[in-house]
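Participant: mmCIF, N, CA and C atoms, file input.cif:
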```
data_input
loop_
_atom_site.label_atom_id
_atom_site.label_comp_id
_atom_site.auth_asym_id
_atom_site.auth_seq_id
_atom_site.Cartn_x
_atom_site.Cartn_y
_atom_site.Cartn_z
N MET A 1 -5.52 -10.78 -0.88
CA MET A 1 -5.20 -9.96 0.29
C MET A 1 -5.66 -8.54 -0.05
N SER A 2 -6.77 -8.13 0.51
CA SER A 2 -7.36 -6.86 0.12
C SER A 2 -7.02 -5.71 1.07
N ASP A 3 -6.40 -5.99 2.20
CA ASP A 3 -6.13 -4.94 3.17
C ASP A 3 -4.75 -4.32 3.05
N VAL A 4 -4.02 -4.63 1.99
CA VAL A 4 -2.70 -4.03 1.81
C VAL A 4 -2.83 -2.68 1.13
N GLN A 5 -1.83 -1.85 1.37
CA GLN A 5 -1.79 -0.51 0.80
C GLN A 5 -0.43 -0.30 0.15
N PRO A 6 -0.35 0.59 -0.85
CA PRO A 6 0.96 0.90 -1.41
C PRO A 6 1.93 1.34 -0.32
N GLY A 7 3.12 0.79 -0.37
CA GLY A 7 4.14 1.09 0.63
C GLY A 7 4.28 0.00 1.68
N ASP A 8 3.26 -0.85 1.83
CA ASP A 8 3.33 -1.90 2.85
C ASP A 8 4.51 -2.84 2.58
N LEU A 9 5.25 -3.12 3.63
CA LEU A 9 6.33 -4.10 3.59
C LEU A 9 5.84 -5.36 4.27
N LEU A 10 6.01 -6.49 3.60
CA LEU A 10 5.59 -7.77 4.14
C LEU A 10 6.77 -8.72 4.14
N GLN A 11 6.95 -9.42 5.22
CA GLN A 11 7.96 -10.47 5.27
C GLN A 11 7.28 -11.78 4.92
N ILE A 12 7.88 -12.53 4.01
CA ILE A 12 7.34 -13.83 3.61
C ILE A 12 8.42 -14.87 3.85
N ASP A 13 8.09 -15.86 4.67
CA ASP A 13 9.05 -16.91 4.99
C ASP A 13 9.15 -17.88 3.82
N THR A 14 10.39 -18.18 3.42
CA THR A 14 10.65 -19.12 2.33
C THR A 14 11.62 -20.18 2.82
N GLU A 15 11.88 -21.18 1.98
CA GLU A 15 12.83 -22.23 2.34
C GLU A 15 14.23 -21.68 2.56
N SER A 16 14.56 -20.57 1.89
CA SER A 16 15.90 -20.00 2.03
C SER A 16 15.94 -18.85 3.04
N GLY A 17 14.89 -18.74 3.85
CA GLY A 17 14.84 -17.69 4.86
C GLY A 17 13.81 -16.64 4.54
N PRO A 18 13.61 -15.68 5.44
CA PRO A 18 12.60 -14.64 5.22
C PRO A 18 13.01 -13.67 4.11
N LYS A 19 12.04 -13.28 3.31
CA LYS A 19 12.23 -12.31 2.22
C LYS A 19 11.20 -11.21 2.41
N VAL A 20 11.52 -10.03 1.89
CA VAL A 20 10.63 -8.88 2.05
C VAL A 20 10.14 -8.41 0.69
N VAL A 21 8.84 -8.11 0.62
CA VAL A 21 8.24 -7.52 -0.57
C VAL A 21 7.60 -6.20 -0.16
N GLN A 22 7.47 -5.31 -1.14
CA GLN A 22 6.79 -4.04 -0.91
C GLN A 22 5.66 -3.93 -1.92
N ILE A 23 4.47 -3.62 -1.42
CA ILE A 23 3.33 -3.38 -2.29
C ILE A 23 3.54 -2.02 -2.96
N THR A 24 3.46 -1.99 -4.29
CA THR A 24 3.64 -0.71 -4.98
C THR A 24 2.32 -0.17 -5.54
N HIS A 25 1.40 -1.06 -5.89
CA HIS A 25 0.14 -0.61 -6.48
C HIS A 25 -0.99 -1.58 -6.12
N VAL A 26 -2.16 -1.02 -5.86
CA VAL A 26 -3.36 -1.81 -5.64
C VAL A 26 -4.37 -1.34 -6.67
N THR A 27 -4.70 -2.23 -7.61
CA THR A 27 -5.57 -1.87 -8.73
C THR A 27 -6.68 -2.92 -8.85
N THR A 28 -7.89 -2.55 -8.50
CA THR A 28 -9.03 -3.45 -8.63
C THR A 28 -9.33 -3.65 -10.11
N PRO A 29 -9.62 -4.82 -10.58
CA PRO A 29 -9.89 -6.07 -9.87
C PRO A 29 -8.67 -6.98 -9.76
N TYR A 30 -7.50 -6.48 -10.05
CA TYR A 30 -6.30 -7.31 -10.04
C TYR A 30 -5.72 -7.41 -8.65
N PRO A 31 -4.91 -8.44 -8.41
CA PRO A 31 -4.21 -8.52 -7.12
C PRO A 31 -3.14 -7.43 -7.05
N PRO A 32 -2.60 -7.20 -5.88
CA PRO A 32 -1.60 -6.14 -5.73
C PRO A 32 -0.34 -6.40 -6.56
N VAL A 33 0.26 -5.30 -6.98
CA VAL A 33 1.57 -5.35 -7.65
C VAL A 33 2.60 -5.16 -6.55
N LEU A 34 3.62 -6.00 -6.58
CA LEU A 34 4.66 -5.91 -5.55
C LEU A 34 6.03 -5.97 -6.20
N ARG A 35 6.98 -5.51 -5.44
CA ARG A 35 8.38 -5.67 -5.84
C ARG A 35 9.06 -6.49 -4.76
N ALA A 36 9.75 -7.52 -5.18
CA ALA A 36 10.53 -8.34 -4.27
C ALA A 36 11.84 -7.61 -4.03
N LEU A 37 12.19 -7.44 -2.79
CA LEU A 37 13.37 -6.66 -2.44
C LEU A 37 14.61 -7.53 -2.33
N LYS A 38 15.74 -6.93 -2.70
CA LYS A 38 17.03 -7.62 -2.57
C LYS A 38 17.54 -7.56 -1.14
N GLY A 39 16.89 -6.80 -0.31
CA GLY A 39 17.26 -6.68 1.11
C GLY A 39 15.99 -6.62 1.94
N ASP A 40 16.10 -6.04 3.14
CA ASP A 40 14.94 -6.03 4.02
C ASP A 40 14.38 -4.64 4.30
N THR A 41 14.78 -3.65 3.50
CA THR A 41 14.22 -2.30 3.65
C THR A 41 13.71 -1.81 2.30
N ALA A 42 12.88 -0.78 2.33
CA ALA A 42 12.31 -0.23 1.10
C ALA A 42 13.40 0.33 0.19
N GLU A 43 14.55 0.70 0.75
CA GLU A 43 15.64 1.26 -0.04
C GLU A 43 16.40 0.18 -0.82
N ALA A 44 16.18 -1.07 -0.48
CA ALA A 44 16.87 -2.17 -1.17
C ALA A 44 16.43 -2.20 -2.63
N GLY A 45 17.27 -2.69 -3.47
CA GLY A 45 16.95 -2.80 -4.88
C GLY A 45 15.80 -3.79 -5.13
N THR A 46 15.27 -3.75 -6.34
CA THR A 46 14.18 -4.63 -6.73
C THR A 46 14.73 -5.86 -7.42
N ALA A 47 14.39 -7.04 -6.90
CA ALA A 47 14.82 -8.30 -7.52
C ALA A 47 13.89 -8.65 -8.68
N PHE A 48 12.58 -8.49 -8.48
CA PHE A 48 11.61 -8.70 -9.54
C PHE A 48 10.29 -8.05 -9.16
N ILE A 49 9.43 -7.90 -10.15
CA ILE A 49 8.10 -7.31 -9.97
C ILE A 49 7.07 -8.37 -10.34
N ALA A 50 5.98 -8.42 -9.59
CA ALA A 50 4.93 -9.39 -9.88
C ALA A 50 3.57 -8.85 -9.45
N MET A 51 2.55 -9.37 -10.08
CA MET A 51 1.17 -9.17 -9.65
C MET A 51 0.83 -10.49 -8.95
N ALA A 52 0.70 -10.47 -7.63
CA ALA A 52 0.65 -11.72 -6.89
C ALA A 52 -0.59 -11.86 -6.03
N ASP A 53 -1.04 -13.08 -5.95
CA ASP A 53 -2.17 -13.46 -5.11
C ASP A 53 -1.64 -13.72 -3.71
N LEU A 54 -1.61 -12.69 -2.89
CA LEU A 54 -1.09 -12.83 -1.52
C LEU A 54 -2.14 -13.50 -0.63
N GLN A 55 -1.68 -14.27 0.31
CA GLN A 55 -2.56 -14.97 1.24
C GLN A 55 -2.38 -14.37 2.63
N ALA A 56 -3.29 -13.46 3.01
CA ALA A 56 -3.16 -12.73 4.27
C ALA A 56 -3.17 -13.65 5.48
N ASP A 57 -3.91 -14.73 5.41
CA ASP A 57 -4.04 -15.60 6.58
C ASP A 57 -2.95 -16.67 6.64
N ASP A 58 -2.04 -16.67 5.67
CA ASP A 58 -0.97 -17.65 5.69
C ASP A 58 0.04 -17.28 6.76
N PRO A 59 0.42 -18.23 7.62
CA PRO A 59 1.36 -17.90 8.70
C PRO A 59 2.75 -17.50 8.22
N ARG A 60 3.05 -17.69 6.94
CA ARG A 60 4.36 -17.30 6.42
C ARG A 60 4.42 -15.81 6.07
N VAL A 61 3.29 -15.10 6.15
CA VAL A 61 3.23 -13.67 5.81
C VAL A 61 3.14 -12.85 7.09
N THR A 62 4.08 -11.90 7.25
CA THR A 62 4.07 -11.03 8.42
C THR A 62 4.16 -9.58 7.96
N PRO A 63 3.14 -8.76 8.28
CA PRO A 63 3.24 -7.33 7.96
C PRO A 63 4.35 -6.70 8.80
N LEU A 64 5.17 -5.86 8.18
CA LEU A 64 6.28 -5.21 8.88
C LEU A 64 6.01 -3.74 9.15
N ALA A 65 5.72 -2.99 8.11
CA ALA A 65 5.57 -1.54 8.23
C ALA A 65 5.05 -1.00 6.91
N ASN A 66 4.87 0.31 6.86
CA ASN A 66 4.59 0.99 5.61
C ASN A 66 5.72 1.98 5.40
N ALA A 67 6.32 1.95 4.22
CA ALA A 67 7.48 2.80 3.94
C ALA A 67 7.30 3.46 2.59
N ALA A 68 7.94 4.59 2.42
CA ALA A 68 7.88 5.30 1.15
C ALA A 68 8.40 4.41 0.02
N ILE A 69 7.69 4.44 -1.09
CA ILE A 69 8.14 3.71 -2.27
C ILE A 69 9.21 4.55 -2.95
N PRO A 70 10.36 3.96 -3.24
CA PRO A 70 11.42 4.74 -3.89
C PRO A 70 10.94 5.32 -5.22
N PRO A 71 11.44 6.48 -5.61
CA PRO A 71 11.00 7.14 -6.85
C PRO A 71 11.02 6.23 -8.08
N ALA A 72 12.04 5.39 -8.20
CA ALA A 72 12.15 4.53 -9.38
C ALA A 72 11.05 3.47 -9.44
N ALA A 73 10.37 3.20 -8.33
CA ALA A 73 9.33 2.17 -8.30
C ALA A 73 7.93 2.74 -8.19
N ARG A 74 7.78 4.06 -8.27
CA ARG A 74 6.46 4.67 -8.06
C ARG A 74 5.52 4.57 -9.25
N ALA A 75 6.05 4.63 -10.45
CA ALA A 75 5.20 4.54 -11.64
C ALA A 75 4.69 3.10 -11.77
N PHE A 76 3.47 2.96 -12.29
CA PHE A 76 2.94 1.62 -12.50
C PHE A 76 3.85 0.90 -13.49
N PRO A 77 4.28 -0.31 -13.17
CA PRO A 77 5.21 -1.01 -14.07
C PRO A 77 4.52 -1.44 -15.36
N THR A 78 5.29 -1.51 -16.41
CA THR A 78 4.78 -2.03 -17.68
C THR A 78 4.97 -3.53 -17.68
N PHE A 79 3.89 -4.24 -17.96
CA PHE A 79 3.92 -5.70 -18.06
C PHE A 79 3.84 -6.08 -19.53
N ARG A 80 4.32 -7.27 -19.87
CA ARG A 80 4.21 -7.75 -21.24
C ARG A 80 3.25 -8.93 -21.29
N LEU A 81 2.59 -9.07 -22.41
CA LEU A 81 1.58 -10.10 -22.60
C LEU A 81 1.74 -10.68 -23.99
N ALA A 82 1.92 -11.99 -24.09
CA ALA A 82 2.12 -12.64 -25.38
C ALA A 82 0.79 -13.05 -26.00
N VAL A 83 0.70 -12.90 -27.31
CA VAL A 83 -0.38 -13.50 -28.08
C VAL A 83 0.26 -14.68 -28.79
N ARG A 84 -0.27 -15.86 -28.54
CA ARG A 84 0.40 -17.09 -28.99
C ARG A 84 -0.36 -17.77 -30.12
N ASP A 85 0.40 -18.53 -30.91
CA ASP A 85 -0.22 -19.31 -31.98
C ASP A 85 -0.67 -20.66 -31.42
N ARG A 86 -1.15 -21.54 -32.27
CA ARG A 86 -1.69 -22.83 -31.82
C ARG A 86 -0.64 -23.72 -31.16
N THR A 87 0.61 -23.50 -31.48
CA THR A 87 1.68 -24.31 -30.88
C THR A 87 2.17 -23.72 -29.56
N GLY A 88 1.67 -22.56 -29.20
CA GLY A 88 2.07 -21.91 -27.96
C GLY A 88 3.21 -20.93 -28.10
N GLN A 89 3.68 -20.73 -29.30
CA GLN A 89 4.78 -19.79 -29.53
C GLN A 89 4.24 -18.36 -29.63
N PRO A 90 4.94 -17.39 -29.04
CA PRO A 90 4.48 -16.00 -29.16
C PRO A 90 4.52 -15.54 -30.63
N VAL A 91 3.42 -14.94 -31.05
CA VAL A 91 3.34 -14.38 -32.40
C VAL A 91 3.69 -12.89 -32.34
N TYR A 92 3.15 -12.22 -31.33
CA TYR A 92 3.49 -10.83 -31.06
C TYR A 92 3.19 -10.53 -29.60
N TRP A 93 3.62 -9.37 -29.15
CA TRP A 93 3.52 -9.00 -27.74
C TRP A 93 2.74 -7.70 -27.59
N TRP A 94 2.06 -7.60 -26.45
CA TRP A 94 1.41 -6.37 -26.03
C TRP A 94 2.09 -5.89 -24.76
N TYR A 95 2.07 -4.59 -24.55
CA TYR A 95 2.48 -4.01 -23.28
C TYR A 95 1.22 -3.52 -22.57
N TRP A 96 1.18 -3.71 -21.24
CA TRP A 96 0.05 -3.27 -20.43
C TRP A 96 0.56 -2.41 -19.30
N ASN A 97 -0.03 -1.21 -19.15
CA ASN A 97 0.42 -0.27 -18.13
C ASN A 97 -0.58 -0.09 -17.00
N GLY A 98 -1.49 -1.03 -16.85
CA GLY A 98 -2.50 -0.95 -15.80
C GLY A 98 -3.78 -0.30 -16.28
N GLU A 99 -3.72 0.38 -17.40
CA GLU A 99 -4.91 1.05 -17.94
C GLU A 99 -5.27 0.57 -19.34
N GLY A 100 -4.27 0.32 -20.16
CA GLY A 100 -4.54 -0.07 -21.53
C GLY A 100 -3.40 -0.87 -22.13
N LEU A 101 -3.68 -1.44 -23.29
CA LEU A 101 -2.70 -2.24 -24.01
C LEU A 101 -2.16 -1.45 -25.18
N ARG A 102 -0.91 -1.73 -25.53
CA ARG A 102 -0.35 -1.19 -26.77
C ARG A 102 0.55 -2.25 -27.37
N LEU A 103 0.62 -2.26 -28.67
CA LEU A 103 1.44 -3.24 -29.37
C LEU A 103 2.91 -2.98 -29.06
N ALA A 104 3.61 -4.04 -28.73
CA ALA A 104 5.02 -3.92 -28.40
C ALA A 104 5.86 -3.99 -29.67
N PRO A 105 6.97 -3.30 -29.67
CA PRO A 105 7.89 -3.46 -30.81
C PRO A 105 8.38 -4.91 -30.88
N ASP A 106 8.81 -5.30 -32.01
CA ASP A 106 9.27 -6.68 -32.17
C ASP A 106 10.78 -6.73 -32.06
N PRO A 107 11.38 -7.51 -31.21
CA PRO A 107 10.75 -8.34 -30.19
C PRO A 107 10.44 -7.53 -28.93
N ALA A 108 9.59 -8.07 -28.09
CA ALA A 108 9.22 -7.39 -26.85
C ALA A 108 10.42 -7.37 -25.90
N ASP A 109 10.41 -6.42 -24.99
CA ASP A 109 11.46 -6.30 -23.98
C ASP A 109 11.28 -7.43 -22.96
N MET A 110 12.11 -8.44 -23.04
CA MET A 110 11.97 -9.61 -22.17
C MET A 110 12.34 -9.34 -20.71
N SER A 111 12.84 -8.15 -20.42
CA SER A 111 13.15 -7.83 -19.03
C SER A 111 11.89 -7.39 -18.28
N LEU A 112 10.81 -7.08 -19.01
CA LEU A 112 9.57 -6.66 -18.36
C LEU A 112 8.86 -7.87 -17.75
N PRO A 113 8.15 -7.66 -16.63
CA PRO A 113 7.43 -8.79 -16.03
C PRO A 113 6.24 -9.20 -16.91
N LEU A 114 5.88 -10.48 -16.83
CA LEU A 114 4.72 -10.98 -17.56
C LEU A 114 3.44 -10.52 -16.88
N ARG A 115 2.44 -10.21 -17.70
CA ARG A 115 1.13 -9.86 -17.14
C ARG A 115 0.42 -11.18 -16.84
N GLN A 116 0.58 -11.60 -15.62
CA GLN A 116 -0.06 -12.81 -15.13
C GLN A 116 -0.21 -12.68 -13.63
N ILE A 117 -1.14 -13.43 -13.10
CA ILE A 117 -1.32 -13.45 -11.65
C ILE A 117 -0.46 -14.59 -11.11
N THR A 118 0.50 -14.23 -10.29
CA THR A 118 1.41 -15.21 -9.70
C THR A 118 0.74 -15.82 -8.48
N ARG A 119 0.59 -17.13 -8.50
CA ARG A 119 0.03 -17.84 -7.35
C ARG A 119 0.98 -17.68 -6.16
N PHE A 120 0.42 -17.76 -4.96
CA PHE A 120 1.20 -17.55 -3.74
C PHE A 120 2.37 -18.52 -3.64
N GLU A 121 2.15 -19.79 -3.92
CA GLU A 121 3.23 -20.77 -3.82
C GLU A 121 4.34 -20.48 -4.85
N ALA A 122 3.95 -20.03 -6.04
CA ALA A 122 4.95 -19.67 -7.05
C ALA A 122 5.73 -18.44 -6.61
N LEU A 123 5.07 -17.51 -5.94
CA LEU A 123 5.76 -16.33 -5.39
C LEU A 123 6.81 -16.76 -4.37
N ILE A 124 6.43 -17.65 -3.49
CA ILE A 124 7.38 -18.13 -2.46
C ILE A 124 8.58 -18.80 -3.12
N THR A 125 8.34 -19.58 -4.15
CA THR A 125 9.44 -20.24 -4.87
C THR A 125 10.36 -19.21 -5.49
N ALA A 126 9.78 -18.19 -6.14
CA ALA A 126 10.59 -17.14 -6.76
C ALA A 126 11.38 -16.35 -5.70
N LEU A 127 10.74 -16.06 -4.59
CA LEU A 127 11.42 -15.33 -3.51
C LEU A 127 12.58 -16.14 -2.94
N SER A 128 12.42 -17.44 -2.84
CA SER A 128 13.48 -18.26 -2.24
C SER A 128 14.75 -18.26 -3.11
N ARG A 129 14.63 -17.84 -4.37
CA ARG A 129 15.80 -17.80 -5.27
C ARG A 129 16.60 -16.49 -5.15
N ILE A 130 16.07 -15.55 -4.40
CA ILE A 130 16.77 -14.25 -4.25
C ILE A 130 17.95 -14.42 -3.30
#
```
Is it possible to give me this structure as structure tokens?
Facilitator:
Amino acid sequence: MSDVQPGDLLQIDTESGPKVVQITHVTTPYPPVLRALKGDTAEAGTAFIAMADLQADDPRVTPLANAAIPPAARAFPTFRLAVRDRTGQPVYWWYWNGEGLRLAPDPADMSLPLRQITRFEALITALSRI
């Protein structure tokens, strides 16, 4: 979804009802960074942060408005990225701030979102749990 802008509020229909996300950052070549809202306005708290592959033509997505991003959500979020061994276990972690990587202290802050592109269907599943 390339036509979104920071501040855009989108309603996404899920099995548990409509949920609202706000685009916080658009950084090429990555998909937009969004925050899933605990309510239906930009002032609502953040349930989770994701870099998600939004599907603009999906009938479950409805643009609502553009609203100011709350101060606490304006900075680019720090994502975590695992370097794994042959068995798939994390050996160490990196932090990514949208521009560069830095080695994370051991252990990494597990409350940070993973640096991965969330597929649209996985986003809907995560939203339905809010």
Participant: Calculated over all atoms listed in the file, which of the candidates A:Arg60, A:Phe120, A:Asp40, A:Leu34 has the smallest distance to Asp13 of chain A?
Facilitator: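 For Asp13 of chain A, the nearest of the given residues is A:Arg60.
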Participant: Written as a PyMOL selection string, which residues does the PyMOL selection byres ((chain A and resi 130) around 8) give for the file shown?
Facilitator: chain A and resi 16+37-38+47+125-129
Participant: Given the PyMOL selection byres ((chain A and resi 108-113) around 7) and the file above, list the residues it selects as a list in words.
Facilitator: Ile49, Ala50, Thr78, Phe79, Arg80, Leu81, Trp93, Ala104, Pro105, Asp106, Pro107, Leu114, Arg115 and Gln116 of chain A
Participant: I need the strand (DSSP E) residues of chain A per DSSP on the backbone, written as a ChimeraX atom specification.
Facilitator: /A:8-14,17-25,33-37,46-52,61-66,79-84,90-96,101-103,117-118
Participant: With distances taken over only C-alpha atoms, which of A:Ala52, A:Pro18, A:Leu10, A:Thr46 is nearest to Leu123 of chain A?
Facilitator: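 The closest residue to Leu123 of chain A is A:Ala52.
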Participant: Which is closer to Pro70 of chain A than all the others in A:Val20, A:Ala82, A:Ala42, A:Tyr92, using all atoms listed in the file?
Facilitator: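 Of A:Val20, A:Ala82, A:Ala42, A:Tyr92, the one nearest Pro70 of chain A is A:Ala42, counting all atoms listed in the file.
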Participant: For this file, the PyMOL selection byres ((chain A and resi 55) around 8) selects which residues, as a PyMOL selection string?
Facilitator: chain A and resi 1-2+52-54+56-61+119-121
Participant: Using atom CA of Phe76 of chain A and atom N of Asp3 of chain A as the two end points, give the distance in Å to one decimal.
Facilitator: 19.0 Å
Participant: Got a sec: who's within 8 Å of Ala75 of chain A, counting all atoms listed in the file, leaving out chain neighbours fewer than 4 positions off, as an mmCIF file with N, CA and C atoms, keeping the file's coordinate frame?
Facilitator:
```cif
data_model
loop_
_atom_site.group_PDB
_atom_site.id
_atom_site.type_symbol
_atom_site.label_atom_id
_atom_site.label_comp_id
_atom_site.auth_asym_id
_atom_site.auth_seq_id
_atom_site.Cartn_x
_atom_site.Cartn_y
_atom_site.Cartn_z
ATOM 1 N N THR A 24 3.460 -1.990 -4.290
ATOM 2 C CA THR A 24 3.640 -0.710 -4.980
ATOM 3 C C THR A 24 2.320 -0.170 -5.540
ATOM 4 N N HIS A 25 1.400 -1.060 -5.890
ATOM 5 C CA HIS A 25 0.140 -0.610 -6.480
ATOM 6 C C HIS A 25 -0.990 -1.580 -6.120
ATOM 7 N N PRO A 70 10.360 3.960 -3.240
ATOM 8 C CA PRO A 70 11.420 4.740 -3.890
ATOM 9 C C PRO A 70 10.940 5.320 -5.220
ATOM 10 N N PRO A 71 11.440 6.480 -5.610
ATOM 11 C CA PRO A 71 11.000 7.140 -6.850
ATOM 12 C C PRO A 71 11.020 6.230 -8.080
#
```
Participant: So which residues fall inside 6.5 Å of (7.1, -2.3, 4.5) if we count all atoms listed in the file? Mind giving them as a list of chain:residue names?
Facilitator: A:Gly7, A:Asp8, A:Leu9, A:Leu10, A:Val21, A:Gln22, A:Ala42, A:Leu64, A:Ala65, A:Asn66, A:Ala67
Participant: Between atom CA of Thr118 of chain A and atom CA of Thr87 of chain A, what distance in Å does the model show, to one decimal?
Facilitator: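 That distance, rounded to one decimal, is 23.1 Å.
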Participant: Suppose you want the space between atom N of Trp94 of chain A and atom CA of Ala72 of chain A; what is it in Å?
Facilitator: 23.2 Å
Participant: Just list the residues in chain A DSSP gives helix (DSSP H, G or I) on the backbone, as a list of chain:residue names.
Facilitator: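 These are the residues in question: A:Pro71, A:Ala72, A:Ala73, A:Phe120, A:Glu121, A:Ala122, A:Leu123, A:Ile124, A:Thr125, A:Ala126, A:Leu127, A:Ser128.
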Participant: Select, from A:Arg74, A:Asn97, A:Ala36, A:Glu43, the residue with the minimum atom-to-atom distance to Ile12 of chain A, counting only C-alpha atoms.
Facilitator: A:Ala36
Participant: Which one is closest to Ile117 of chain A: A:Leu101, A:Tyr95, A:Pro31, A:Pro77? Count all atoms listed in the file.
Facilitator: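 Of the candidates, the smallest distance to Ile117 of chain A is held by A:Pro31.
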